[in-house]
file structure02.pdb (PDB, C-alpha atoms)
MODEL        1
ATOM      1  CA  MET U   1       5.325  -3.877 -10.312  1.00  0.00           C
ATOM      2  CA  ALA U   2       4.585  -1.520  -7.434  1.00  0.00           C
ATOM      3  CA  THR U   3       1.038  -1.399  -6.123  1.00  0.00           C
ATOM      4  CA  VAL U   4      -0.830   0.919  -3.783  1.00  0.00           C
ATOM      5  CA  SER U   5      -3.486   0.209  -1.150  1.00  0.00           C
ATOM      6  CA  ALA U   6      -4.867   2.000   1.904  1.00  0.00           C
ATOM      7  CA  THR U   7      -5.727   1.209   5.512  1.00  0.00           C
ATOM      8  CA  GLN U   8      -9.234   1.823   6.820  1.00  0.00           C
ATOM      9  CA  ALA U   9      -7.920   4.870   8.704  1.00  0.00           C
ATOM     10  CA  ALA U  10      -6.595   6.330   5.443  1.00  0.00           C
ATOM     11  CA  LEU U  11      -9.879   5.648   3.649  1.00  0.00           C
ATOM     12  CA  THR U  12     -11.786   7.373   6.460  1.00  0.00           C
ATOM     13  CA  LEU U  13      -9.585  10.498   6.294  1.00  0.00           C
ATOM     14  CA  LEU U  14      -9.787  10.448   2.502  1.00  0.00           C
ATOM     15  CA  ALA U  15     -13.605  10.346   2.611  1.00  0.00           C
ATOM     16  CA  GLU U  16     -13.575  13.360   4.958  1.00  0.00           C
ATOM     17  CA  ILE U  17     -11.317  15.309   2.592  1.00  0.00           C
ATOM     18  CA  VAL U  18     -13.310  14.353  -0.523  1.00  0.00           C
ATOM     19  CA  GLY U  19     -16.494  15.392   1.292  1.00  0.00           C
ATOM     20  CA  GLU U  20     -15.038  18.878   1.776  1.00  0.00           C
ATOM     21  CA  HIS U  21     -13.022  19.325  -1.436  1.00  0.00           C
ATOM     22  CA  GLY U  22     -14.466  16.967  -4.037  1.00  0.00           C
ATOM     23  CA  PRO U  23     -12.315  14.553  -6.065  1.00  0.00           C
ATOM     24  CA  VAL U  24      -8.611  14.517  -5.208  1.00  0.00           C
ATOM     25  CA  LEU U  25      -5.447  12.864  -6.415  1.00  0.00           C
ATOM     26  CA  PHE U  26      -2.373  11.665  -4.568  1.00  0.00           C
ATOM     27  CA  HIS U  27       1.224  12.138  -5.589  1.00  0.00           C
ATOM     28  CA  GLN U  28       3.923  10.350  -3.635  1.00  0.00           C
ATOM     29  CA  SER U  29       6.316  12.981  -2.367  1.00  0.00           C
ATOM     30  CA  GLY U  30       9.917  12.489  -3.329  1.00  0.00           C
ATOM     31  CA  GLY U  31      11.131  15.683  -1.692  1.00  0.00           C
ATOM     32  CA  CYS U  32      13.349  15.927   1.343  1.00  0.00           C
ATOM     33  CA  CYS U  33      10.866  17.939   3.388  1.00  0.00           C
ATOM     34  CA  ASP U  34       7.866  15.649   3.094  1.00  0.00           C
ATOM     35  CA  GLY U  35       9.757  12.352   3.132  1.00  0.00           C
ATOM     36  CA  SER U  36       7.296   9.484   2.982  1.00  0.00           C
ATOM     37  CA  SER U  37       4.198  11.674   2.836  1.00  0.00           C
ATOM     38  CA  PRO U  38       1.833  11.154  -0.044  1.00  0.00           C
ATOM     39  CA  MET U  39       0.546  14.586  -1.017  1.00  0.00           C
ATOM     40  CA  CYS U  40      -3.208  15.007  -1.537  1.00  0.00           C
ATOM     41  CA  TYR U  41      -4.457  17.686  -3.972  1.00  0.00           C
ATOM     42  CA  PRO U  42      -7.791  18.646  -5.536  1.00  0.00           C
ATOM     43  CA  GLN U  43      -8.021  17.028  -8.972  1.00  0.00           C
ATOM     44  CA  GLY U  44      -7.100  19.573 -11.610  1.00  0.00           C
ATOM     45  CA  GLU U  45      -4.924  21.650  -9.272  1.00  0.00           C
ATOM     46  CA  PHE U  46      -1.776  19.536  -9.518  1.00  0.00           C
ATOM     47  CA  ARG U  47       0.093  19.328 -12.795  1.00  0.00           C
ATOM     48  CA  LEU U  48       1.212  15.797 -13.512  1.00  0.00           C
ATOM     49  CA  GLY U  49       4.509  15.339 -15.315  1.00  0.00           C
ATOM     50  CA  GLU U  50       4.807  13.347 -18.505  1.00  0.00           C
ATOM     51  CA  HIS U  51       6.866  10.723 -16.646  1.00  0.00           C
ATOM     52  CA  ASP U  52       4.553  10.356 -13.624  1.00  0.00           C
ATOM     53  CA  VAL U  53       3.228   6.820 -13.167  1.00  0.00           C
ATOM     54  CA  ARG U  54      -0.275   5.985 -11.951  1.00  0.00           C
ATOM     55  CA  LEU U  55       0.080   3.141  -9.445  1.00  0.00           C
ATOM     56  CA  GLY U  56      -3.657   2.696  -8.995  1.00  0.00           C
ATOM     57  CA  ASP U  57      -6.471   4.165  -6.937  1.00  0.00           C
ATOM     58  CA  ILE U  58      -7.259   4.381  -3.243  1.00  0.00           C
ATOM     59  CA  GLY U  59     -10.803   5.113  -2.227  1.00  0.00           C
ATOM     60  CA  GLY U  60     -11.556   5.700  -5.906  1.00  0.00           C
ATOM     61  CA  MET U  61      -8.953   8.481  -6.148  1.00  0.00           C
ATOM     62  CA  PRO U  62      -5.870   8.172  -8.411  1.00  0.00           C
ATOM     63  CA  PHE U  63      -2.405   7.717  -6.908  1.00  0.00           C
ATOM     64  CA  TYR U  64       0.736   8.786  -8.796  1.00  0.00           C
ATOM     65  CA  ILE U  65       4.487   8.654  -8.304  1.00  0.00           C
ATOM     66  CA  SER U  66       7.270  10.267 -10.329  1.00  0.00           C
ATOM     67  CA  GLY U  67       8.846   8.076 -12.982  1.00  0.00           C
ATOM     68  CA  ARG U  68      12.277   8.367 -11.390  1.00  0.00           C
ATOM     69  CA  GLN U  69      10.967   7.388  -7.952  1.00  0.00           C
ATOM     70  CA  HIS U  70       8.907   4.579  -9.485  1.00  0.00           C
ATOM     71  CA  GLU U  71      12.057   3.142 -11.040  1.00  0.00           C
ATOM     72  CA  VAL U  72      13.607   2.890  -7.563  1.00  0.00           C
ATOM     73  CA  TRP U  73      10.423   1.653  -5.847  1.00  0.00           C
ATOM     74  CA  LYS U  74       9.033  -0.545  -8.635  1.00  0.00           C
ATOM     75  CA  HIS U  75       9.320  -3.694  -6.518  1.00  0.00           C
ATOM     76  CA  THR U  76       7.552  -2.137  -3.543  1.00  0.00           C
ATOM     77  CA  ASP U  77       3.948  -2.322  -2.381  1.00  0.00           C
ATOM     78  CA  LEU U  78       2.856   1.007  -0.913  1.00  0.00           C
ATOM     79  CA  VAL U  79       0.285   1.084   1.884  1.00  0.00           C
ATOM     80  CA  ILE U  80      -1.198   4.497   2.654  1.00  0.00           C
ATOM     81  CA  ASP U  81      -1.903   4.893   6.368  1.00  0.00           C
ATOM     82  CA  VAL U  82      -2.699   7.719   8.800  1.00  0.00           C
ATOM     83  CA  VAL U  83      -0.633   8.881  11.780  1.00  0.00           C
ATOM     84  CA  PRO U  84      -0.956  11.835  14.178  1.00  0.00           C
ATOM     85  CA  GLY U  85       0.646  15.051  12.969  1.00  0.00           C
ATOM     86  CA  ARG U  86       0.474  17.722  10.297  1.00  0.00           C
ATOM     87  CA  GLY U  87       0.315  16.959   6.601  1.00  0.00           C
ATOM     88  CA  GLY U  88       2.537  18.469   3.941  1.00  0.00           C
ATOM     89  CA  MET U  89       2.280  22.233   3.559  1.00  0.00           C
ATOM     90  CA  PHE U  90       0.224  22.069   0.345  1.00  0.00           C
ATOM     91  CA  SER U  91      -1.517  18.751   1.011  1.00  0.00           C
ATOM     92  CA  LEU U  92      -5.223  18.672   1.908  1.00  0.00           C
ATOM     93  CA  ASP U  93      -4.507  16.626   5.049  1.00  0.00           C
ATOM     94  CA  ASN U  94      -2.628  19.590   6.555  1.00  0.00           C
ATOM     95  CA  GLY U  95      -4.246  21.168   9.629  1.00  0.00           C
ATOM     96  CA  ARG U  96      -6.258  18.082  10.605  1.00  0.00           C
ATOM     97  CA  GLU U  97      -3.817  16.791  13.240  1.00  0.00           C
ATOM     98  CA  ARG U  98      -3.757  13.555  11.219  1.00  0.00           C
ATOM     99  CA  ARG U  99      -1.707  12.997   8.120  1.00  0.00           C
ATOM    100  CA  PHE U 100      -1.215  10.406   5.439  1.00  0.00           C
ATOM    101  CA  LEU U 101       1.939   8.287   5.610  1.00  0.00           C
ATOM    102  CA  THR U 102       3.314   5.759   3.139  1.00  0.00           C
ATOM    103  CA  ARG U 103       4.424   2.413   4.497  1.00  0.00           C
ATOM    104  CA  SER U 104       5.984  -0.174   2.223  1.00  0.00           C
ATOM    105  CA  THR U 105       6.831  -3.819   1.752  1.00  0.00           C
ATOM    106  CA  LEU U 106       9.117  -5.284  -0.877  1.00  0.00           C
ATOM    107  CA  CYS U 107       7.638  -7.539  -3.533  1.00  0.00           C
ATOM    108  CA  ALA U 108       9.260 -10.918  -4.079  1.00  0.00           C
ATOM    109  CA  PRO U 109      10.590 -11.398  -7.643  1.00  0.00           C
ATOM    110  CA  GLY U 110       7.751 -12.709  -9.788  1.00  0.00           C
ATOM    111  CA  ASP U 111       5.178 -12.009  -7.056  1.00  0.00           C
ATOM    112  CA  GLN U 112       2.145 -10.203  -8.452  1.00  0.00           C
ATOM    113  CA  GLY U 113       0.789  -9.076  -5.095  1.00  0.00           C
ATOM    114  CA  GLY U 114       3.848  -8.515  -2.969  1.00  0.00           C
ATOM    115  CA  LEU U 115       4.592 -10.053   0.381  1.00  0.00           C
ATOM    116  CA  ARG U 116       1.618  -9.901   2.698  1.00  0.00           C
ATOM    117  CA  LYS U 117       1.567 -10.695   6.394  1.00  0.00           C
TER     118      LYS U 117
ENDMDL
END
call {"tool": "encode", "arguments": {"input": "structure02.pdb", "output": "structure tokens"}}
result
Amino acid sequence: MATVSATQAALTLLAEIVGEHGPVLFHQSGGCCDGSSPMCYPQGEFRLGEHDVRLGDIGGMPFYISGRQHEVWKHTDLVIDVVPGRGGMFSLDNGRERRFLTRSTLCAPGDQGGLRK
């Protein structure tokens, strides 16, 4: 089962965004333009689909992925990090010169926590 966690840099940026916008949610982008960018939206302003899967929370904020993408990534641990650059056009990290990025590791079959270094 896929899991989600965050680096300290991601938690710091998330706290900054929540301080300005209130509670948010993440949705892992599956589009060609945003690639591996998790999109960050104010809670209540993003319509979740009936097949979206909640992977867990980061910094107390929910993290979702589409059902179709989850099926492909279900044996992957996602780690949300921060890198220099602009966020997705509609994501709250846009315009901060830092953006969220999803890194991943594959889970070993039967491994509950994935492979950790």
call {"tool": "resolve_selection", "arguments": {"input": "structure02.pdb", "expression": "the PyMOL selection byres ((chain U and resi 81) around 12)", "output": "compact mmCIF listing (two decimals) with C-alpha atoms, in the frame of the given file"}}
result
# COMPACT_ATOMS: atom_id res chain seq x y z
CA VAL U 4 -0.83 0.92 -3.78
CA SER U 5 -3.49 0.21 -1.15
CA ALA U 6 -4.87 2.00 1.90
CA THR U 7 -5.73 1.21 5.51
CA GLN U 8 -9.23 1.82 6.82
CA ALA U 9 -7.92 4.87 8.70
CA ALA U 10 -6.60 6.33 5.44
CA LEU U 11 -9.88 5.65 3.65
CA THR U 12 -11.79 7.37 6.46
CA LEU U 13 -9.59 10.50 6.29
CA LEU U 14 -9.79 10.45 2.50
CA SER U 36 7.30 9.48 2.98
CA SER U 37 4.20 11.67 2.84
CA PRO U 38 1.83 11.15 -0.04
CA ILE U 58 -7.26 4.38 -3.24
CA LEU U 78 2.86 1.01 -0.91
CA VAL U 79 0.28 1.08 1.88
CA ILE U 80 -1.20 4.50 2.65
CA VAL U 82 -2.70 7.72 8.80
CA VAL U 83 -0.63 8.88 11.78
CA PRO U 84 -0.96 11.84 14.18
CA ARG U 98 -3.76 13.56 11.22
CA ARG U 99 -1.71 13.00 8.12
CA PHE U 100 -1.22 10.41 5.44
CA LEU U 101 1.94 8.29 5.61
CA THR U 102 3.31 5.76 3.14
CA ARG U 103 4.42 2.41 4.50
CA SER U 104 5.98 -0.17 2.22
call {"tool": "residues_around", "arguments": {"input": "structure02.pdb", "residues": "Arg68 in chain U", "least_positions_apart": "6", "cutoff": "10 Å", "atoms": "only C-alpha atoms", "output": "PyMOL selection string"}}
result
chain U and resi 30+51-53+74
call {"tool": "atom_distance", "arguments": {"input": "structure02.pdb", "atom1": "CA of Asp57 in chain U", "atom2": "CA of His27 in chain U"}}
result
11.2 Å
call {"tool": "atom_distance", "arguments": {"input": "structure02.pdb", "atom1": "CA of Leu106 in chain U", "atom2": "CA of Gly88 in chain U"}}
result
25.1 Å
call {"tool": "closest_residue", "arguments": {"input": "structure02.pdb", "among": "U:Leu92, U:Leu55, U:Leu48, U:Met61", "to": "Thr76 in chain U", "atoms": "all atoms listed in the file"}}
result
U:Leu55
call {"tool": "closest_residue", "arguments": {"input": "structure02.pdb", "among": "U:Thr105, U:Pro23, U:Gly95, U:Ser66", "to": "Arg54 in chain U", "atoms": "only C-alpha atoms"}}
result
U:Ser66
call {"tool": "atom_distance", "arguments": {"input": "structure02.pdb", "atom1": "CA of Gln43 in chain U", "atom2": "CA of Val24 in chain U"}}
result
4.6 Å
